[in-house]
Each structure stands twice: as C-alpha cells, then as structure tokens.
Amino acid sequence: MKRFHLLGLALIATMLINAMPLIAAQPSLQRMDPSGLQRGTEVEILLRGVRIHDAEEVLFFEPGVTMKSLEKVDDKQCKIVLSATPECRLGQHALRLRTASGLSDAYLFYIGALQEVAEKEPNNDFKEPQPVPMESTVNGTVQNEDVDYFVVEAKKGQRITAELAGLRLGRTFFDPYIAILNEQRFELAKSDDEPLVFQDCVCSLIAPEDGKYIIQVRESSYGGNGNCVYRLSIGSFPRPLGMYPTGGKPGEEVEVTWLGDASGKQTTKVRLPETEGEFLYYSEDANGIAPSPNRLFVSDLPAAVEVEPNNRREEATPMVGPGVASGVIEEKGDEDYFKFPAKKGQDYEIRVYARQELRSYLDPVVNVYNGNDGKHIQGNDDSNGNIDSYLTVKAPEDGDLVVRVRDHLSSGSPLNVYRLEVTQKKPALTVEIPEVQRYVARTVSVPQGNTMAVLLSARRENFGGELNFSFEDLPEGIEVTTFPMADNTNVLPVVFSAKADAALSGKLVDVVAKPTNEDLKIEGHVNQRSLLVRGQNNRDMWGHNAKRMTVAVTEKVPFQLEIVQPKVPIVRDGSMQLKVVAKREEGFDADIGIRLLYDPPGIGASRSIKIAKGQTEALIPMTANGSARIGTHKICVLGTAGYKAGSVEVSTPFADLVVEDRLVDFAFNKAAVEQGQDTKVIVGLSPKRDFPGEATVQLLGLPAGATSEPVKVTKDAEEAIFDVKVAKDAKDGKHASIVARITVTQNEEPIIQTNGNIELRIDKPLPPKVASAKPAPQAKKEAPKPPTEKPLTRLEQLRLAKEQGN
C-alpha cells in the first residue's frame with residue numbers, strides 16, 4: 001500500500017509558502033560560451049553570471065568531463081578549460097559551479113562527436129550563408145527576428161542530417177525551427193517540434209543531386225533573444241526517430257529496427273547493459289553517430305512482440321503478466337489487443353510507454369477487458385499530467401485479462417511505437433530534497449566551523465516502516481547528524497557540520513535510504529529535479545534530474561547559532577518561547593532572520609522572527625495544536641543574514657523538543673451578568689498528568705470592562721472559580737472568545753496550555769419599575785327620572801273615571 005504522511009506533505013507545502021528568501025549569495029550562472037565541446041578534446045569556455053567572483057571549481061554529475069583550469073576575468077566572468085575523454089557519453093551533461101561562498105544551480109552543456117564551429121554574423125541572408133563543413137556542430141544564437149543560414153556541400157545519394165538542440169540547453173523557452181533547402185530555395189525538409197528531441201528539431205534527407213544545401217535556423221514565430229542559444233549538428237550520421245522492439249533483457253543482444261531514418265528501415269544488433277532500467281542508445285553506422293539517443297528499456301520481464309492481426313479482442317496477442325510487449329499503431333484506426341492469464345483478486349499495474357518515455361509519435365489510450373465475457377473493466381488516457389497511460393486493475397476472476405492500446409486520435413504512423421508493461425505492485429523508495437525557494441533545487445553549503453541543515457523527504461510505495469539514511473562520499477571535514485525516519489512520517493531533518501579547518505571543497509553525495517527491517521530488500525536514492533525552463537502556467541518544459549545531492553564546504557561566516565535547550569515540554573494546546581542565541585564575531589551586527597527548518601507534526605512556529613541588529617538572542621513563538629504528535633522531536637533553526645555582496649545561511653545543531661499531553665482537560669460553562677454587577681465563571685478541571693506545586697489559571701480574552709484575577713490550583717483541583725467584575729460601561733452582548741490558560745512552572749520554565757470555549761453574556765440592566773397611578777374618582781350617577789306621563793285625552797279621562805266608579 002502506498003503510504004503518504006499527510007501531515008508531512010502539509011508541512012512541506014507550508015514551508016514552500018512561508019519560507020524566507022534563500023541565500024542571495026549563491027552564485028548564478030547565466031551564460032556558457034560555447035555551450036558544449038567535442039569529446040576527446042579540450043576547449044576554453046567563458047562562464048558569465050553573478051556572484052561568481054570567487055569561483056573555485058566545477059562539479060560534474062557524470063564522468064568523462066574534467067576541469068583543467070579556472071581563471072577569473074572579472075566579478076561576473078571566469079574562464080575554464082574543460083576536457084572530455086574520447087569515451088565520454090554524448091548528449092546532455094550538467095554541472096554546478098562551486099565558489100568559496102556557495103553553489104550554483106544545475107547548468108546544462110552538451111558533448112558532441114563532431115568538430116565545433118562558431119556562428120559568424122552576418123549570416124542572415126540566404127544568398128550569403130555561412131559555409132560550414134559536413135560533420136560539424138555549430139554553436140549559435142537566434143536574436144529577435146533573426147534567421148541564420150549555413151551552407152554545406154553534399155553528393156547525390158548522401159544522407160544529410162541536421163539536428164538542433166535549443167530548448168534542451170535549458171536556457172529559456174526557445175521553440176526552434178530548421179529547414180534544409182536547395183540552392184533554388186526550395187524547402188526539401190523541415191522540422192519544428194520533433195517528439196524524439198522534445199521541442200527541438202531534426203531534419204534528414206538523401207541528397208537528390210550533387211551541390212550545395214542550405215540549413216535555415218530560426219525561432220518558429222521569428223522571436224528570439226540572447227538566451228536562444230543552439231547547437232546545430234550537421235552531417236551524414238544516422239538519425240532514426242524510433243526503435244522497434246523497445247528493449248530486451250539485461251546483457252542480451254537484441255536486433256532492433258531503425259524507424260524514420262532518411263535511408264529507410266534497417267536493422268542492427270544492440271548489446272544491452274547488465275542493469276535494468278532505461279538505456280540511452282546512440283545509433284551509429286559507417287557515416288557517424290547520432291548526437292542524441294533513442295531510448296530502450298532493459299528488463300528481466302518476459303517479452304512479447306505484437307503479432308498482426310491483433311485488432312480484435314478475439315485475436316489478442318498472448319503475453320505474460322507480469323511481462324512486457326512491444327507494438328506499433330501503424331495504420332489509421334488501428335487497435336492492438338494483448339491478453340495475459342490473471343488470478344482472481346490479483347492487482348496489476350498496466351503502463352503504456354510511448355510519447356513521454358520512448359519519445360514516440362503515439363498518444364496512447366489503454367483499456368482493460370474481462371477476457372471471459374468481454375466486459376470493460378477500466379481505461380486511461382493521460383495519467384497524472386503524463387501523456388502516457390497508466391492504470392491499476394484487480395482481476396475479477398480467474399482467466400485472461402485483455403488489454404487494448406490505441407491512439408488518442410485514432411491516427412496511425414510507423415513511428416507510433418509503444419511498450420506495454422504489465423507488473424504486480426512492488427515496493428519502491430525515492431529520496432527527494434524539498435525546495436525552500438520555489439523552482440530552485442536545494443544544495444547544501446556548510447561554512448567552515450559551522451552547521452547547515454536540510455530537510456529530506458522519502459516516498460515509500462507499497463511498503464511501510466522506519467528508514468535509515470547514509471551519506472556516501474562527503475567532502476572531507478564534513479560530518480552528518482541524523483537519525484532514523486519514523487514509520488509515521490515522510491520527512492527527515494539532517495544537520496551537516498564542517499570542521500573549522502576543513503578545506504573548501506564540494507562533492508556530489510549519494511544519499512542512500514534503506515528500511516531498518518533488513519528483510520525488506522529495498523534501497524532508495526535521491527531524485528532531484530532542477531526546473532530550468534518553465535512554460536505557460538509554470539509548466540515544466542525542461543530541466544535536469546540529479547541522482548545525488550550537492551554538498552560543499554564554504555568560507556567561514558561571522559556568526560553561529562544555537563538553540564537554548566528547553567527544560568520543559570510543550571503540551572498539546574500549549575505554547576512555548578524557543579530561545580535562539582547568536583554568537584557574533586566582533587564587528588558583525590547585522591539582523592539575522594531565524595526560522596525553524598521544519599515544524600514537527602502539530603507544531604506551529606513564527607517564521608518572521610529576527611535577532612535584531614546588535615542583539616544576540618531572540619524568541620520564536622511556538623504553539624502545539626490538540627493533536628500534536630507526542631514524543632521527542634529533533635528540531636533546528638536556520639538563520640540568514642546579509643554578508644558581503646549578498647547573504648549567508650547557517651543552522652543550529654539539533655535540540656530536543658518534547659511534546660506531551662495536556663496538563664488538564666477544561667470544561668466550560670456559560671455565564672451571564674448585568675453591566676455593573678459581579679458574577680462567577682467556573683472552569684472544570686480534569687488533570688491529564690501530574691504537575692508539581694500550584695498552577696496558575698487565568699481567563700484571557702474577557703471583553704473590555706470585565707476583569708478577573710488569576711486562580712491558583714493544585715493537580716487535585718476539580719474546578720477553578722473566577723470572580724468576574726463587570727463595569728457599568730462594559731460592552732454588552734455575547735462574548736464567546738474567552739479562553740482559559742493554565743501555567744505550571746517546572747525547572748524554572750513555564751509549561752503553558754490554553755483552551756477556549758467560554759461564553760459570557762453581558763446584559764444591560766432592566767429599567768426601574770414605575771409606580772402605577774390611582775384611578776380618577778368617578779361622578780355619582782343620578783337616579784333615573786321617572787318617565788314623564790303622557791297627558792290623557794278627554795275620552796281617556798272619562799273612561800278612566802267610569803272604571804274607578806265601578
């Protein structure tokens with residue numbers, strides 16, 4: 001199972017974002033003239049750059065090239081004499097310049113097989129091209145709107161090949177274009193982006209007649225600048241654009257077919273090396289040797305070659321899994337099928353190597369099917385930004401798995417070569433050196449009598465466990481302090497120390513990582529990418545992969561740093577002030593910016609602290625979150641200060657940072673009070689560990705107008721009760737940012753823990769009650785008057801009298 005420690009990855013990302021600018025005193029190479037040399041010769045080369053006034057030597061990543069002498073010209077230039085052995089590998093090489101004060105980034109140059117020629121201006125007129133001999137390499141530059149013309153003479157039937165290295169020199173984003181024209185200015189061959197040579201160019205043809213042939217060189221959109229340098233190799237050398245099959249077994253002699261060469265298909269036998277991996281093969285015949293390689297693979301896996309017809313599932317070419325197969329998507333719409341026996345539940349990794357690794361024309365798409373019922377299981381086009389294809393698949397049942405390979409656009413070409421690889425997951429280990437300054441590969445410069453630290457990371461695949469690291473071929477006088485990388489992390493700090501009398505020197509150091517479990521036969525080495533040319537959105541267009549770490553002893557600097565070893569632990573949800581002390585030489589009083597090399601998991605530290613001018617110490621505030629990893633962590637501090645023409649960087653030796661559990665668990669309650677009143681806030685205490693004597697608990701973050709006094713408690717206390725006084729003008733409302741801090745003094749240093757979730761509501765007092773008013777007296781009601789009698793008529797009167805008389 002792949003294991004990536006997320007906290008470790010997060011810490012690296014934090015470092016990249018927050019890191020201080022790195023050493024401005026590092027030398028920087030900006031130009032190398034010429035940009036290569038013929039093997040078996042010596043040549044004087046002019047190096048130009050900044051901060052190279054104290055240059056001392058050149059370090060080479062591969063054997064075959066040595067520096068014979070170095071002469072300072074001025075502060076920005078020096079001359080070196082390089083010598084390449086007759087057996088030196090052709091093609092791209094890399095170097096670093098070591099000065100007395102630092103190391104440059106990787107810088108690319110080329111070793112060729114042909115005589116070297118310098119471009120001579122003016123050569124931008126087709127009618128007056130610069131004559132150059134066949135079998136030569138021209139070193140030139142394309143300026144803005146510049147077109148360079150070179151003329152060679154060839155015989156009818158002679159192969160003319162022109163290959164240009166431009167982008168591959170790693171100077172700038174250079175998109176070159178070349179063409180071969182006849183004397184009548186007819187374009188016979190042209191090349192813009194050739195997959196074999198990435199964004200560079202290859203032209204090749206058979207001369208149709210005796211005569212002169214003109215090679216045109218320009219930037220594809222007629223741009224250019226002083227950094228658009230190139231090496232144009234012209235000759236009769238072979239230039240196959242593809243190879244088939246794609247490799248063989250270690251030590252085996254295989255017959256391969258050259259594809260895409262101007263002279264047509266031809267076969268040759270190639271002796272493969274004894275070690276597995278990528279093999280750079282330089283095609284060669286009686287007319288010469290190609291200036292750059294084709295790529296073949298060396299593997300112990302059983303190999304197969306596609307057998308046509310195999311463009312249907314029923315006609316799939318048999319292969320073995322694990323195993324490899326070679327094929328070509330030659331016709332438009334072609335699809336190649338392979339099958340291998342699989343076991344139910346077994347995981348298989350399936351890769352198609354084409355454009356990315358083989359530099360083929362093919363943009364592959366891979367699909368996997370169940371061989372029993374034809375059901376589609378999984379597919380992939382581009383994998384993690386890689387134009388080639390990769391997937392993992394679990395066999396659903398015993399029986400064949402069928403793999404289909406096709407082109408993304410269903411195109412076909414004799415150069416659509418691919419390598420299909422079926423493997424089972426196996427352990428792998430890679431060591432990386434995280435960048436501190438973005439796009440600048442990390443090197444290690446250790447001043448005499450001082451220390452310097454670097455962070456390494458390890459990428460474990462399909463295994464876990466603790467790792468041991470060793471450092472082979474260190475510069476004399478340098479020692480390494482490190483320790484095993486724990487199984488629950490993927491980062492490791494390493495401190496390099498240089499003796500005071502160590503000679504100024506530099507080495508490319510092999511860093512070897514191995515599991516402490518000796519039953520795991522796994523070994524990892526450095527893979528460090530120097531990103532030299534960036535495209536749109538900072539896309540990696542060209543760079544260099546180093547297999548070793550560069551370490552140098554540099555001149556003494558006027559300060560040293562040391563951490564004052566903390567006498568107490570930092571606890572979860574706690575904080576600490578880490579003291580760093582500077583030992584300054586007399587007369588050196590510059591600011592020294594300090595920061596931790598890395599923050600242990602769950603630890604946060606300020607990255608903007610400095611030991612102020614003339615001062616000798618400073619405190620770095622540190623905090624531990626609630627899940628900080630308990631244990632003892634090795635920490636060190638980096639310090640950067642201005643010195644001479646730039647700045648220098650050193651580190652402290654290691655110190656121990658002990659992380660422990662909380663002192664107590666707090667329990668928080670809500671409280672409410674009116675302005676101008678007092679209240680009690682009760683904080684519950686559940687001890688997590690013993691502590692001596694009394695601890696001080698205080699409330700922090702009370703709103704303006706509210707105050708409380710610290711409370712003393714012992715380890716047996718179950719609560720801390722605070723009398724909180726609230727002023728009449730205290731801000732009303734709900735206040736939820738109040739925290740409790742407990743401080744224990746041990747070994748005369750504080751252990752501090754802070755937690756917060758206390759809510760205090762401050763209310764405005766209610767308005768005073770108003771006395772109710774008496775009701776107004778009501779007027780007495782008069783008795784109702786008897787109704788007024790209606791007067792009787794005369795007739796009514798007589799009738800009433802008569803009735804009364806009865």
# chains A, B, ... in the order shown; residues from 1 in each chain; ligands from 1
>>> select_by_dssp(residues="stretch 77-211 of chain A", states="strand (DSSP E)", output="PyMOL selection string")
chain A and resi 77-84+91-99+107-112+115-118+130-131+136-141+147-154+159-165+176-182+187-191+201-206+211
>>> residues_around(residues="A:Ala605", least_positions_apart="4", cutoff="7 Å", atoms="only C-alpha atoms", output="list in words")
Asp599, Ile620, Pro621, Met622 and Thr623 of chain A
>>> closest_residue(among="A:Arg89, A:Arg419, A:His53, A:Lys556", to="A:Asp74", atoms="only C-alpha atoms")
A:His53
>>> residues_around(residues="A:Ala500", least_positions_apart="4", cutoff="10 Å", atoms="only C-alpha atoms", output="VMD selection string")
chain A and resid 447 to 450 477 to 478 555 to 556
>>> write_last_selection(atoms="N, CA and C atoms", output="PDB file, in the first residue's frame")
ATOM      1  N   PRO A 447      29.408  26.424   5.982  1.00  0.00           N
ATOM      2  CA  PRO A 447      30.579  27.265   6.257  1.00  0.00           C
ATOM      3  C   PRO A 447      31.546  26.581   7.205  1.00  0.00           C
ATOM      4  N   GLN A 448      32.816  26.883   7.040  1.00  0.00           N
ATOM      5  CA  GLN A 448      33.842  26.304   7.904  1.00  0.00           C
ATOM      6  C   GLN A 448      33.529  26.596   9.372  1.00  0.00           C
ATOM      7  N   GLY A 449      33.625  25.548  10.211  1.00  0.00           N
ATOM      8  CA  GLY A 449      33.376  25.702  11.641  1.00  0.00           C
ATOM      9  C   GLY A 449      31.927  25.965  11.982  1.00  0.00           C
ATOM     10  N   ASN A 450      31.015  25.617  11.098  1.00  0.00           N
ATOM     11  CA  ASN A 450      29.608  25.941  11.305  1.00  0.00           C
ATOM     12  C   ASN A 450      28.750  24.739  10.925  1.00  0.00           C
ATOM     13  N   GLY A 477      36.067  16.608   5.967  1.00  0.00           N
ATOM     14  CA  GLY A 477      35.863  17.593   7.021  1.00  0.00           C
ATOM     15  C   GLY A 477      34.407  17.838   7.364  1.00  0.00           C
ATOM     16  N   ILE A 478      33.486  17.173   6.668  1.00  0.00           N
ATOM     17  CA  ILE A 478      32.052  17.330   6.950  1.00  0.00           C
ATOM     18  C   ILE A 478      31.531  16.072   7.625  1.00  0.00           C
ATOM     19  N   GLU A 555      33.438  29.190   2.741  1.00  0.00           N
ATOM     20  CA  GLU A 555      34.264  30.019   3.622  1.00  0.00           C
ATOM     21  C   GLU A 555      33.536  30.366   4.915  1.00  0.00           C
ATOM     22  N   LYS A 556      34.319  30.630   5.931  1.00  0.00           N
ATOM     23  CA  LYS A 556      33.788  30.948   7.254  1.00  0.00           C
ATOM     24  C   LYS A 556      32.894  32.171   7.198  1.00  0.00           C
TER      25      LYS A 556
END
>>> closest_residue(among="A:Ile594, A:Leu114, A:Val711, A:Pro653", to="A:Gln565", atoms="only C-alpha atoms")
A:Pro653
>>> select_by_dssp(residues="stretch 345-489 of chain A", states="helix (DSSP H, G or I)", output="list in words")
Arg355, Gln356, Glu357 and Leu358 of chain A
>>> write_last_selection(atoms="N, CA and C atoms", output="PDB file, in the first residue's frame")
ATOM      1  N   ARG A 355       4.930   8.406 -25.851  1.00  0.00           N
ATOM      2  CA  ARG A 355       5.445   9.765 -26.047  1.00  0.00           C
ATOM      3  C   ARG A 355       6.367  10.213 -24.913  1.00  0.00           C
ATOM      4  N   GLN A 356       5.961   9.967 -23.679  1.00  0.00           N
ATOM      5  CA  GLN A 356       6.716  10.513 -22.553  1.00  0.00           C
ATOM      6  C   GLN A 356       8.077   9.852 -22.394  1.00  0.00           C
ATOM      7  N   GLU A 357       8.123   8.544 -22.503  1.00  0.00           N
ATOM      8  CA  GLU A 357       9.354   7.818 -22.197  1.00  0.00           C
ATOM      9  C   GLU A 357      10.135   7.405 -23.448  1.00  0.00           C
ATOM     10  N   LEU A 358       9.428   6.933 -24.474  1.00  0.00           N
ATOM     11  CA  LEU A 358      10.104   6.488 -25.690  1.00  0.00           C
ATOM     12  C   LEU A 358      10.274   7.605 -26.711  1.00  0.00           C
TER      13      LEU A 358
END
>>> closest_residue(among="A:Leu638, A:Leu90, A:Ala736, A:Val402", to="A:Ile758", atoms="only C-alpha atoms")
A:Ala736
>>> closest_residue(among="A:Ala704, A:Leu169, A:Val65, A:Val697", to="A:Ile742", atoms="only C-alpha atoms")
A:Val697
>>> atom_distance(atom1="atom CA of A:Leu259", atom2="atom CA of A:Val320")
26.4 Å
>>> decode(residues="stretch 577-682 of chain A", atoms="C-alpha atoms", output="compact mmCIF listing (two decimals), in the first residue's frame")
# COMPACT_ATOMS: atom_id res chain seq x y z
CA GLN A 577 9.02 30.62 23.52
CA LEU A 578 12.05 28.95 21.92
CA LYS A 579 15.22 30.88 22.62
CA VAL A 580 17.87 31.12 19.91
CA VAL A 581 21.28 32.60 20.67
CA ALA A 582 23.73 34.05 18.14
CA LYS A 583 27.47 34.08 18.63
CA ARG A 584 28.72 37.06 16.61
CA GLU A 585 32.24 37.86 15.61
CA GLU A 586 33.46 41.31 16.53
CA GLY A 587 32.22 43.92 14.08
CA PHE A 588 29.32 41.84 12.73
CA ASP A 589 26.00 43.25 13.92
CA ALA A 590 23.54 42.64 11.04
CA ASP A 591 19.98 41.40 11.51
CA ILE A 592 19.72 37.61 11.49
CA GLY A 593 16.41 36.22 10.30
CA ILE A 594 15.59 32.93 12.03
CA ARG A 595 13.03 30.19 11.43
CA LEU A 596 12.62 26.50 12.17
CA LEU A 597 13.89 24.17 9.45
CA TYR A 598 10.57 22.35 9.75
CA ASP A 599 7.65 22.22 12.15
CA PRO A 600 7.09 18.82 13.78
CA PRO A 601 3.55 17.48 13.21
CA GLY A 602 1.03 19.63 15.06
CA ILE A 603 3.59 22.33 15.91
CA GLY A 604 3.39 25.85 14.51
CA ALA A 605 6.18 28.42 14.73
CA SER A 606 6.54 32.02 13.63
CA ARG A 607 8.66 32.45 10.50
CA SER A 608 9.17 36.20 10.77
CA ILE A 609 11.46 36.46 13.79
CA LYS A 610 14.88 38.04 13.71
CA ILE A 611 17.77 38.56 16.05
CA ALA A 612 17.87 42.32 15.75
CA LYS A 613 20.94 44.25 14.75
CA GLY A 614 23.49 44.13 17.54
CA GLN A 615 21.42 41.68 19.63
CA THR A 616 22.47 38.14 20.48
CA GLU A 617 19.18 36.35 21.08
CA ALA A 618 15.52 36.18 20.12
CA LEU A 619 12.45 34.11 20.95
CA ILE A 620 10.49 32.11 18.40
CA PRO A 621 6.84 31.71 19.49
CA MET A 622 5.66 28.12 19.10
CA THR A 623 2.25 26.52 19.55
CA ALA A 624 1.03 22.92 19.69
CA ASN A 625 -2.44 22.01 18.47
CA GLY A 626 -4.70 19.47 20.13
CA SER A 627 -3.35 16.58 18.06
CA ALA A 628 0.38 17.42 18.12
CA ARG A 629 2.39 14.23 17.93
CA ILE A 630 3.51 13.19 21.39
CA GLY A 631 7.19 12.29 21.68
CA THR A 632 10.64 13.81 21.33
CA HIS A 633 11.32 15.66 18.08
CA LYS A 634 14.68 16.84 16.78
CA ILE A 635 14.48 20.49 15.77
CA CYS A 636 16.93 23.01 14.39
CA VAL A 637 16.77 26.65 13.34
CA LEU A 638 18.03 28.28 10.15
CA GLY A 639 19.47 31.77 10.24
CA THR A 640 20.00 34.13 7.29
CA ALA A 641 21.99 37.37 7.42
CA GLY A 642 23.37 39.88 4.98
CA TYR A 643 27.09 39.46 4.44
CA LYS A 644 29.50 40.81 1.83
CA ALA A 645 27.74 41.01 -1.55
CA GLY A 646 24.66 39.07 -0.54
CA SER A 647 23.59 36.91 2.36
CA VAL A 648 24.59 33.67 4.03
CA GLU A 649 22.71 30.94 5.84
CA VAL A 650 23.64 28.61 8.70
CA SER A 651 21.74 26.43 11.11
CA THR A 652 21.83 25.47 14.74
CA PRO A 653 22.75 21.97 15.86
CA PHE A 654 19.80 19.79 16.83
CA ALA A 655 17.85 20.37 20.01
CA ASP A 656 15.10 18.21 21.51
CA LEU A 657 11.51 19.38 21.52
CA VAL A 658 9.41 17.19 23.83
CA VAL A 659 5.68 17.15 23.13
CA GLU A 660 3.40 15.84 25.89
CA ASP A 661 -0.32 15.56 26.54
CA ARG A 662 -2.34 18.40 28.03
CA LEU A 663 -1.92 19.35 31.67
CA VAL A 664 -5.70 19.24 32.18
CA ASP A 665 -8.93 18.92 30.27
CA PHE A 666 -11.03 22.02 30.71
CA ALA A 667 -14.82 22.02 30.98
CA PHE A 668 -16.51 25.31 30.22
CA ASN A 669 -19.89 26.69 31.29
CA LYS A 670 -21.87 29.65 30.12
CA ALA A 671 -22.29 32.65 32.39
CA ALA A 672 -24.48 35.77 32.28
CA VAL A 673 -24.27 39.04 34.18
CA GLU A 674 -25.63 42.56 34.02
CA GLN A 675 -23.45 45.60 33.50
CA GLY A 676 -22.15 46.88 36.81
CA GLN A 677 -22.57 43.50 38.53
CA ASP A 678 -20.23 40.66 39.50
CA THR A 679 -20.50 37.02 38.53
CA LYS A 680 -18.64 33.77 38.85
CA VAL A 681 -17.18 31.84 35.94
CA ILE A 682 -16.48 28.21 36.75
